[in-house]
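Novice: The structure's right below; bear with me while I get my questions together.
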Amino acid sequence: MSLSSVVRLSRPFFKTGLKYGIVNLNRTGPLQIVSNEMRPRFFSVSRVFCKDWVEVTFETLDGSYTVKGKEGDNLLDVVINNDVDLDGFGACEGTLSCSTCHLIFEKEDFDKIEDPCTDEELDMLDLAYGLSDTGACVSLSGSGFLSIYQLGAVECLQQFWPQLFEKANLAGASAGAVLAACIICNVPTEKIKQSFMVTAFEAQKWAMGPFNPNFQIEDYLREALEALPPDAHIRANNRLFVSLSKMTESAHNVLISSWESRDDLISCLLCSCFIPFFSGVTLPLFRGEKVMDGGFTNNLPTTNQPTITISPFNGVVDICPVDDIKYPFYVTMANECVSITPKNIMRLIRALLPPPIEDLESLYKMGYQDAFNFLKRRSAQETRLLKH
């Protein structure tokens, strides 16, 4: 950044702005944004003595404001001390009590921030509508044939929140990872849906369904993954996070986020879907090591960014089915907190033994509706926070 730091303020802002102060690393050099101890106060001025004055330019829809601040001042101090006309900015007195005030950094500037966001900050940022690429991740749980539910949710998000998937990272396990790869590579949702329906229909033809030795689930997965473009690995690098269970002395989870070729990516996705006896009896190799379905060790993978989680199992998830049970019992398995209910037990069975096609279509519509309800809740929360 140049000596005049340009901070773009919008509604909603990208969270973190009130936590970070201004520092000039040398008397004439560039500015950097560094961590500043966050503390509740009534618009107080940071006590920094013998420091250089620097210029800060705030650009808004109504115009720009160039004002001065001292090294060490946080941006809230600069706004208040210079009477910058930003309606509502700092109404919480710097306590970060809502998601309205936050900053959108260019990636190269965001990467300079040394201290990661706290869990409280990330939880609050989840309330902000329109997360940017510096902080957004969508996680799709392993779900077998019930991934059709997640596809319905994704289509709803694409329709009403299209900017979410433009640059956001995606994480997934098993079938969720396959769906995540297709989303990043812009495979049409109708084509993905057709592949799921065909695979489920073919599995229902056999006694024991997909557990029948004559039914090769990997063949159908490979056929579906043929929809990935030649540059799929390039699009997926550092945006897609695939959960794998590495089988060494004890099973442990790894997240793969880089691939050398399209075939390397497809091999990784197939390994993430490998369930012993369901997919075969011999564990596959990925980069020379035995692996299997990532859902056994991390069924709902997340990154360091604020994450929107989607699962066809009722639980502590952003988008999931709602079961009408007053006091459900929850248990955390493989990083996913799910409720122990009769419906969830049936869903687990249906994830491996596909239900009739008409039930899959209902699941698809349910996922769409649950995602729509999620967006309405976020909008209502944001409206309430703005009123306060």
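In the structure tokens, each chain is lettered A, B, ... as it comes, each chain's residues begin at 1, and ligands are numbered from 1 in order of appearance.
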Skip stretch 240-244 of chain A itself and residues of its chain fewer than 6 positions away, then list as number ranges by chain all residues within 7 Å of it, counting only C-alpha atoms.

Specialist: A: 169-173, 177, 181, 253-257, 272, 291-294, 298, 301

Novice: Per DSSP on the backbone, filter stretch 105-313 of chain A down to the residues in strand (DSSP E) and report them as a ChimeraX atom specification.

Specialist: /A:137-140,169-173,240-247,251-256,285-286,289-293,307-310

Novice: Considering only C-alpha atoms, return as a compact mmCIF listing (two decimals) with all heavy atoms, in the first residue's frame whatever protein or nucleic-acid residues lie within 12 Å of A:Asp370, sequence-local ones (same chain, fewer than 4 positions apart) excluded.

Specialist:
# COMPACT_ATOMS: atom_id res chain seq x y z
N TYR A 149 -29.57 -33.86 -1.53
CA TYR A 149 -30.06 -32.79 -0.65
C TYR A 149 -29.13 -31.58 -0.74
O TYR A 149 -29.60 -30.43 -0.86
CB TYR A 149 -30.15 -33.31 0.78
CG TYR A 149 -30.44 -32.24 1.82
CD1 TYR A 149 -31.74 -31.96 2.21
CD2 TYR A 149 -29.40 -31.52 2.42
CE1 TYR A 149 -32.01 -30.98 3.17
CE2 TYR A 149 -29.66 -30.53 3.36
CZ TYR A 149 -30.96 -30.27 3.73
OH TYR A 149 -31.22 -29.30 4.66
N GLN A 150 -27.83 -31.82 -0.67
CA GLN A 150 -26.86 -30.74 -0.72
C GLN A 150 -26.88 -30.03 -2.07
O GLN A 150 -26.70 -28.82 -2.16
CB GLN A 150 -25.46 -31.28 -0.43
CG GLN A 150 -25.32 -31.80 0.99
CD GLN A 150 -24.05 -32.61 1.20
OE1 GLN A 150 -23.78 -33.55 0.45
NE2 GLN A 150 -23.27 -32.25 2.20
N LEU A 151 -27.13 -30.80 -3.12
CA LEU A 151 -27.21 -30.20 -4.46
C LEU A 151 -28.38 -29.22 -4.52
O LEU A 151 -28.26 -28.14 -5.11
CB LEU A 151 -27.38 -31.30 -5.51
CG LEU A 151 -27.46 -30.82 -6.96
CD1 LEU A 151 -26.20 -30.05 -7.36
CD2 LEU A 151 -27.69 -31.99 -7.91
N GLY A 152 -29.52 -29.58 -3.92
CA GLY A 152 -30.65 -28.65 -3.88
C GLY A 152 -30.30 -27.38 -3.13
O GLY A 152 -30.67 -26.27 -3.54
N ALA A 153 -29.57 -27.54 -2.00
CA ALA A 153 -29.16 -26.36 -1.22
C ALA A 153 -28.21 -25.49 -2.03
O ALA A 153 -28.32 -24.25 -2.02
CB ALA A 153 -28.49 -26.82 0.07
N VAL A 154 -27.29 -26.11 -2.74
CA VAL A 154 -26.32 -25.35 -3.55
C VAL A 154 -27.03 -24.57 -4.65
O VAL A 154 -26.71 -23.41 -4.92
CB VAL A 154 -25.27 -26.31 -4.16
CG1 VAL A 154 -24.49 -25.63 -5.28
CG2 VAL A 154 -24.33 -26.80 -3.08
N GLU A 155 -28.02 -25.20 -5.29
CA GLU A 155 -28.73 -24.50 -6.36
C GLU A 155 -29.46 -23.27 -5.82
O GLU A 155 -29.50 -22.22 -6.47
CB GLU A 155 -29.72 -25.43 -7.06
CG GLU A 155 -30.44 -24.75 -8.21
CD GLU A 155 -31.11 -25.72 -9.15
OE1 GLU A 155 -30.89 -26.94 -9.03
OE2 GLU A 155 -31.88 -25.26 -10.01
N CYS A 156 -30.01 -23.37 -4.62
CA CYS A 156 -30.68 -22.23 -4.01
C CYS A 156 -29.66 -21.11 -3.73
O CYS A 156 -29.93 -19.94 -4.03
CB CYS A 156 -31.36 -22.65 -2.72
SG CYS A 156 -32.16 -21.29 -1.82
N LEU A 157 -28.52 -21.46 -3.17
CA LEU A 157 -27.49 -20.46 -2.87
C LEU A 157 -26.97 -19.81 -4.15
O LEU A 157 -26.71 -18.60 -4.19
CB LEU A 157 -26.34 -21.10 -2.09
CG LEU A 157 -26.66 -21.60 -0.68
CD1 LEU A 157 -25.46 -22.30 -0.07
CD2 LEU A 157 -27.13 -20.46 0.21
N ILE A 310 -23.14 -27.56 5.19
CA ILE A 310 -24.36 -28.14 4.61
C ILE A 310 -24.31 -29.66 4.78
O ILE A 310 -23.32 -30.29 4.39
CB ILE A 310 -24.49 -27.79 3.11
CG1 ILE A 310 -24.36 -26.28 2.89
CG2 ILE A 310 -25.80 -28.30 2.55
CD1 ILE A 310 -24.38 -25.88 1.41
N SER A 311 -25.35 -30.22 5.34
CA SER A 311 -25.40 -31.66 5.57
C SER A 311 -26.84 -32.16 5.47
O SER A 311 -27.77 -31.46 5.89
CB SER A 311 -24.83 -32.01 6.95
OG SER A 311 -25.02 -33.38 7.27
N PRO A 312 -27.05 -33.37 4.97
CA PRO A 312 -28.40 -33.94 4.93
C PRO A 312 -28.82 -34.57 6.24
O PRO A 312 -29.91 -35.14 6.34
CB PRO A 312 -28.30 -34.99 3.82
CG PRO A 312 -26.89 -35.46 3.91
CD PRO A 312 -26.08 -34.24 4.29
N ASN A 314 -29.60 -34.06 10.32
CA ASN A 314 -29.95 -33.05 11.30
C ASN A 314 -28.86 -32.95 12.36
O ASN A 314 -28.37 -33.95 12.87
CB ASN A 314 -31.29 -33.41 11.97
CG ASN A 314 -31.63 -32.46 13.10
OD1 ASN A 314 -31.36 -32.74 14.26
ND2 ASN A 314 -32.21 -31.33 12.76
N VAL A 317 -25.57 -27.71 12.23
CA VAL A 317 -25.10 -27.41 10.88
C VAL A 317 -25.91 -26.22 10.37
O VAL A 317 -27.09 -26.05 10.74
CB VAL A 317 -25.28 -28.63 9.94
CG1 VAL A 317 -24.77 -28.33 8.55
CG2 VAL A 317 -24.56 -29.85 10.51
N ASP A 318 -25.29 -25.38 9.55
CA ASP A 318 -25.99 -24.19 9.06
C ASP A 318 -27.22 -24.55 8.23
O ASP A 318 -28.29 -23.98 8.40
CB ASP A 318 -25.03 -23.33 8.23
CG ASP A 318 -23.93 -22.72 9.07
OD1 ASP A 318 -24.25 -22.21 10.15
OD2 ASP A 318 -22.75 -22.78 8.66
N ILE A 319 -27.04 -25.48 7.29
CA ILE A 319 -28.15 -25.89 6.43
C ILE A 319 -28.30 -27.40 6.57
O ILE A 319 -27.42 -28.18 6.19
CB ILE A 319 -27.89 -25.52 4.96
CG1 ILE A 319 -27.71 -24.01 4.82
CG2 ILE A 319 -29.04 -25.99 4.07
CD1 ILE A 319 -27.32 -23.56 3.42
N CYS A 320 -29.42 -27.84 7.14
CA CYS A 320 -29.67 -29.26 7.35
C CYS A 320 -31.17 -29.46 7.57
O CYS A 320 -31.90 -28.49 7.83
CB CYS A 320 -28.87 -29.79 8.56
SG CYS A 320 -29.42 -29.14 10.16
N PRO A 321 -31.66 -30.70 7.49
CA PRO A 321 -33.08 -30.95 7.76
C PRO A 321 -33.43 -30.62 9.21
O PRO A 321 -32.57 -30.69 10.09
CB PRO A 321 -33.23 -32.46 7.48
CG PRO A 321 -32.07 -32.81 6.62
CD PRO A 321 -30.96 -31.91 7.05
N VAL A 322 -34.66 -30.25 9.42
CA VAL A 322 -35.13 -29.93 10.77
C VAL A 322 -36.03 -31.06 11.25
O VAL A 322 -37.05 -31.37 10.62
CB VAL A 322 -35.91 -28.60 10.78
CG1 VAL A 322 -36.44 -28.30 12.18
CG2 VAL A 322 -35.02 -27.45 10.30
N LEU A 363 -35.91 -34.99 -1.50
CA LEU A 363 -34.73 -34.54 -0.77
C LEU A 363 -34.09 -33.33 -1.44
O LEU A 363 -33.63 -32.40 -0.78
CB LEU A 363 -33.71 -35.68 -0.67
CG LEU A 363 -33.94 -36.72 0.43
CD1 LEU A 363 -32.98 -37.88 0.25
CD2 LEU A 363 -33.76 -36.09 1.80
N TYR A 364 -34.06 -33.37 -2.75
CA TYR A 364 -33.50 -32.24 -3.52
C TYR A 364 -34.29 -30.96 -3.23
O TYR A 364 -33.71 -29.90 -2.96
CB TYR A 364 -33.55 -32.59 -5.01
CG TYR A 364 -33.12 -31.48 -5.93
CD1 TYR A 364 -31.78 -31.24 -6.17
CD2 TYR A 364 -34.07 -30.68 -6.56
CE1 TYR A 364 -31.38 -30.22 -7.03
CE2 TYR A 364 -33.68 -29.66 -7.42
CZ TYR A 364 -32.35 -29.44 -7.65
OH TYR A 364 -31.96 -28.42 -8.49
N LYS A 365 -35.60 -31.06 -3.25
CA LYS A 365 -36.45 -29.90 -2.97
C LYS A 365 -36.31 -29.45 -1.52
O LYS A 365 -36.35 -28.25 -1.22
CB LYS A 365 -37.90 -30.24 -3.29
CG LYS A 365 -38.17 -30.49 -4.78
CD LYS A 365 -39.62 -30.87 -5.02
CE LYS A 365 -39.87 -31.12 -6.51
NZ LYS A 365 -41.27 -31.54 -6.77
N MET A 366 -36.15 -30.41 -0.61
CA MET A 366 -35.97 -30.06 0.80
C MET A 366 -34.67 -29.28 1.01
O MET A 366 -34.64 -28.30 1.76
CB MET A 366 -35.95 -31.34 1.65
CG MET A 366 -35.82 -31.06 3.15
SD MET A 366 -35.55 -32.57 4.11
CE MET A 366 -37.08 -33.45 3.76
N PHE A 374 -32.43 -20.68 5.45
CA PHE A 374 -31.16 -20.21 6.02
C PHE A 374 -30.88 -18.77 5.60
O PHE A 374 -30.49 -17.93 6.42
CB PHE A 374 -30.03 -21.14 5.56
CG PHE A 374 -28.65 -20.60 5.77
CD1 PHE A 374 -28.08 -20.58 7.03
CD2 PHE A 374 -27.91 -20.10 4.71
CE1 PHE A 374 -26.79 -20.07 7.23
CE2 PHE A 374 -26.63 -19.60 4.89
CZ PHE A 374 -26.08 -19.58 6.16
N LEU A 375 -31.09 -18.47 4.33
CA LEU A 375 -30.87 -17.11 3.84
C LEU A 375 -31.83 -16.13 4.49
O LEU A 375 -31.47 -14.99 4.81
CB LEU A 375 -31.01 -17.07 2.32
CG LEU A 375 -29.93 -17.81 1.53
CD1 LEU A 375 -30.23 -17.75 0.03
CD2 LEU A 375 -28.55 -17.22 1.79
N LYS A 376 -33.06 -16.55 4.71
CA LYS A 376 -34.04 -15.67 5.37
C LYS A 376 -33.62 -15.40 6.81
O LYS A 376 -33.77 -14.27 7.30
CB LYS A 376 -35.44 -16.29 5.32
CG LYS A 376 -36.09 -16.28 3.94
CD LYS A 376 -37.59 -16.46 4.03
CE LYS A 376 -37.97 -17.76 4.69
NZ LYS A 376 -39.46 -17.95 4.71
N ARG A 377 -33.12 -16.42 7.50
CA ARG A 377 -32.68 -16.22 8.88
C ARG A 377 -31.52 -15.24 8.94
O ARG A 377 -31.47 -14.35 9.80
CB ARG A 377 -32.27 -17.56 9.52
CG ARG A 377 -33.42 -18.50 9.79
CD ARG A 377 -32.98 -19.61 10.73
NE ARG A 377 -31.84 -20.37 10.23
CZ ARG A 377 -31.94 -21.44 9.46
NH1 ARG A 377 -33.14 -21.87 9.07
NH2 ARG A 377 -30.87 -22.08 9.06

Novice: Let's see if you can do this: from backbone DSSP, list all helix (DSSP H, G or I) residues in stretch 104-266 of chain A, as a PyMOL selection string.

Specialist: chain A and resi 107-110+119-125+144-160+164-167+175-184+189-203+209-211+217-225+232-236+262-266

Novice: What's the separation between atom CA of A:Leu179 and atom CA of A:Ile345, in Å to one decimal place?

Specialist: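 Taking atom CA of A:Leu179 as the start and atom CA of A:Ile345 as the end point, the length is 23.0 Å.
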
Novice: Taking only C-alpha atoms into account, which of A:Pro230, A:Pro162, A:Gly176, A:Gly209 comes nearest A:Leu270?

Specialist: A:Gly176

Novice: Atom CA of A:Leu285 to atom CA of A:Cys273: how many Å, to one decimal?

Specialist: 12.6 Å

Novice: Counting only C-alpha atoms, what is within 9 Å of A:Ala175, bar same-chain residues fewer than 6 positions away, as a tab-separated table (two decimals) with N, CA, C and O atoms, in the first residue's frame?

Specialist:
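Below you can see selection-v6.tsv, which holds the result:
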chain	number	residue	atom	x	y	z
A	140	LEU	N	-19.27	-29.27	2.58
A	140	LEU	CA	-20.29	-30.26	2.25
A	140	LEU	C	-19.91	-31.59	2.88
A	140	LEU	O	-18.85	-32.15	2.58
A	141	SER	N	-20.75	-32.08	3.75
A	141	SER	CA	-20.42	-33.32	4.46
A	141	SER	C	-20.51	-34.52	3.54
A	141	SER	O	-21.18	-34.50	2.51
A	142	GLY	N	-19.82	-35.59	3.96
A	142	GLY	CA	-20.00	-36.86	3.28
A	142	GLY	C	-21.42	-37.34	3.51
A	142	GLY	O	-21.92	-37.31	4.64
A	143	SER	N	-22.08	-37.78	2.44
A	143	SER	CA	-23.51	-38.07	2.58
A	143	SER	C	-24.00	-39.15	1.64
A	143	SER	O	-25.20	-39.42	1.58
A	144	GLY	N	-23.13	-39.77	0.87
A	144	GLY	CA	-23.56	-40.83	-0.02
A	144	GLY	C	-24.64	-40.40	-0.98
A	144	GLY	O	-24.58	-39.32	-1.58
A	145	PHE	N	-25.67	-41.20	-1.09
A	145	PHE	CA	-26.76	-40.90	-2.03
A	145	PHE	C	-27.60	-39.70	-1.58
A	145	PHE	O	-28.36	-39.16	-2.37
A	146	LEU	N	-27.47	-39.30	-0.31
A	146	LEU	CA	-28.23	-38.15	0.16
A	146	LEU	C	-27.59	-36.82	-0.24
A	146	LEU	O	-28.11	-35.75	0.10
A	147	SER	N	-26.49	-36.87	-0.96
A	147	SER	CA	-25.86	-35.62	-1.42
A	147	SER	C	-26.78	-34.86	-2.38
A	147	SER	O	-26.55	-33.68	-2.66
A	269	LEU	N	-10.48	-37.69	-5.43
A	269	LEU	CA	-11.92	-37.71	-5.16
A	269	LEU	C	-12.44	-39.14	-5.02
A	269	LEU	O	-13.28	-39.43	-4.16
A	272	SER	N	-11.48	-40.45	-1.66
A	272	SER	CA	-12.28	-39.86	-0.60
A	272	SER	C	-13.65	-40.52	-0.48
A	272	SER	O	-14.31	-40.40	0.55
A	273	CYS	N	-14.08	-41.20	-1.54
A	273	CYS	CA	-15.38	-41.89	-1.55
A	273	CYS	C	-15.28	-43.37	-1.25
A	273	CYS	O	-16.30	-44.07	-1.25

Novice: So that I can check the surroundings of stretch 192-206 of chain A, please list as JSON, numbers by chain every protein, DNA and RNA residue that reaches within 9 Å of it, counting only C-alpha atoms and ignoring chain neighbours fewer than 2 positions away.

Specialist: {"A": [145, 147, 148, 151, 152, 179, 182, 187, 188, 189, 190, 208, 209, 210, 211, 212, 214, 215, 217, 220, 221, 223, 224, 227, 353, 354, 355, 356, 357, 360, 361, 364]}

Novice: What is the atom CA of A:Glu336 to atom CA of A:Asp323 distance in Å?

Specialist: 16.7 Å

Novice: Identify which of the residues A:Ala136, A:Ser174, A:Val338, A:Leu228 lies closest to A:Asn299, counting only C-alpha atoms when measuring atom-to-atom distances.

Specialist: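 Closest to A:Asn299, using only C-alpha atoms: A:Ser174.
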
Novice: Within 10 Å of A:Ser267, counting only C-alpha atoms, which residues show up once you throw out same-chain ones fewer than 3 positions away? Write them as JSON, numbers by chain, please.

Specialist: {"A": [222, 259, 261, 262, 263, 264, 270, 271, 272, 284, 285, 286, 287]}

Novice: Go through A:Leu225, A:Ala207, A:Met247, A:Ile340 one by one, measure the shortest atom-to-atom distance of each to A:Ala180 using only C-alpha atoms, and give the residue with the smallest value.

Specialist: A:Leu225

Novice: Using only C-alpha atoms for the distances, tell me which of A:Cys137, A:Ile184, A:Met346, A:Ala251 is nearest to A:Ala168.

Specialist: A:Cys137

Novice: May I have the residues within 7 Å of A:Val54 as a ChimeraX atom specification, using only C-alpha atoms and disregarding those fewer than 6 positions away in the same chain?

Specialist: /A:68-70
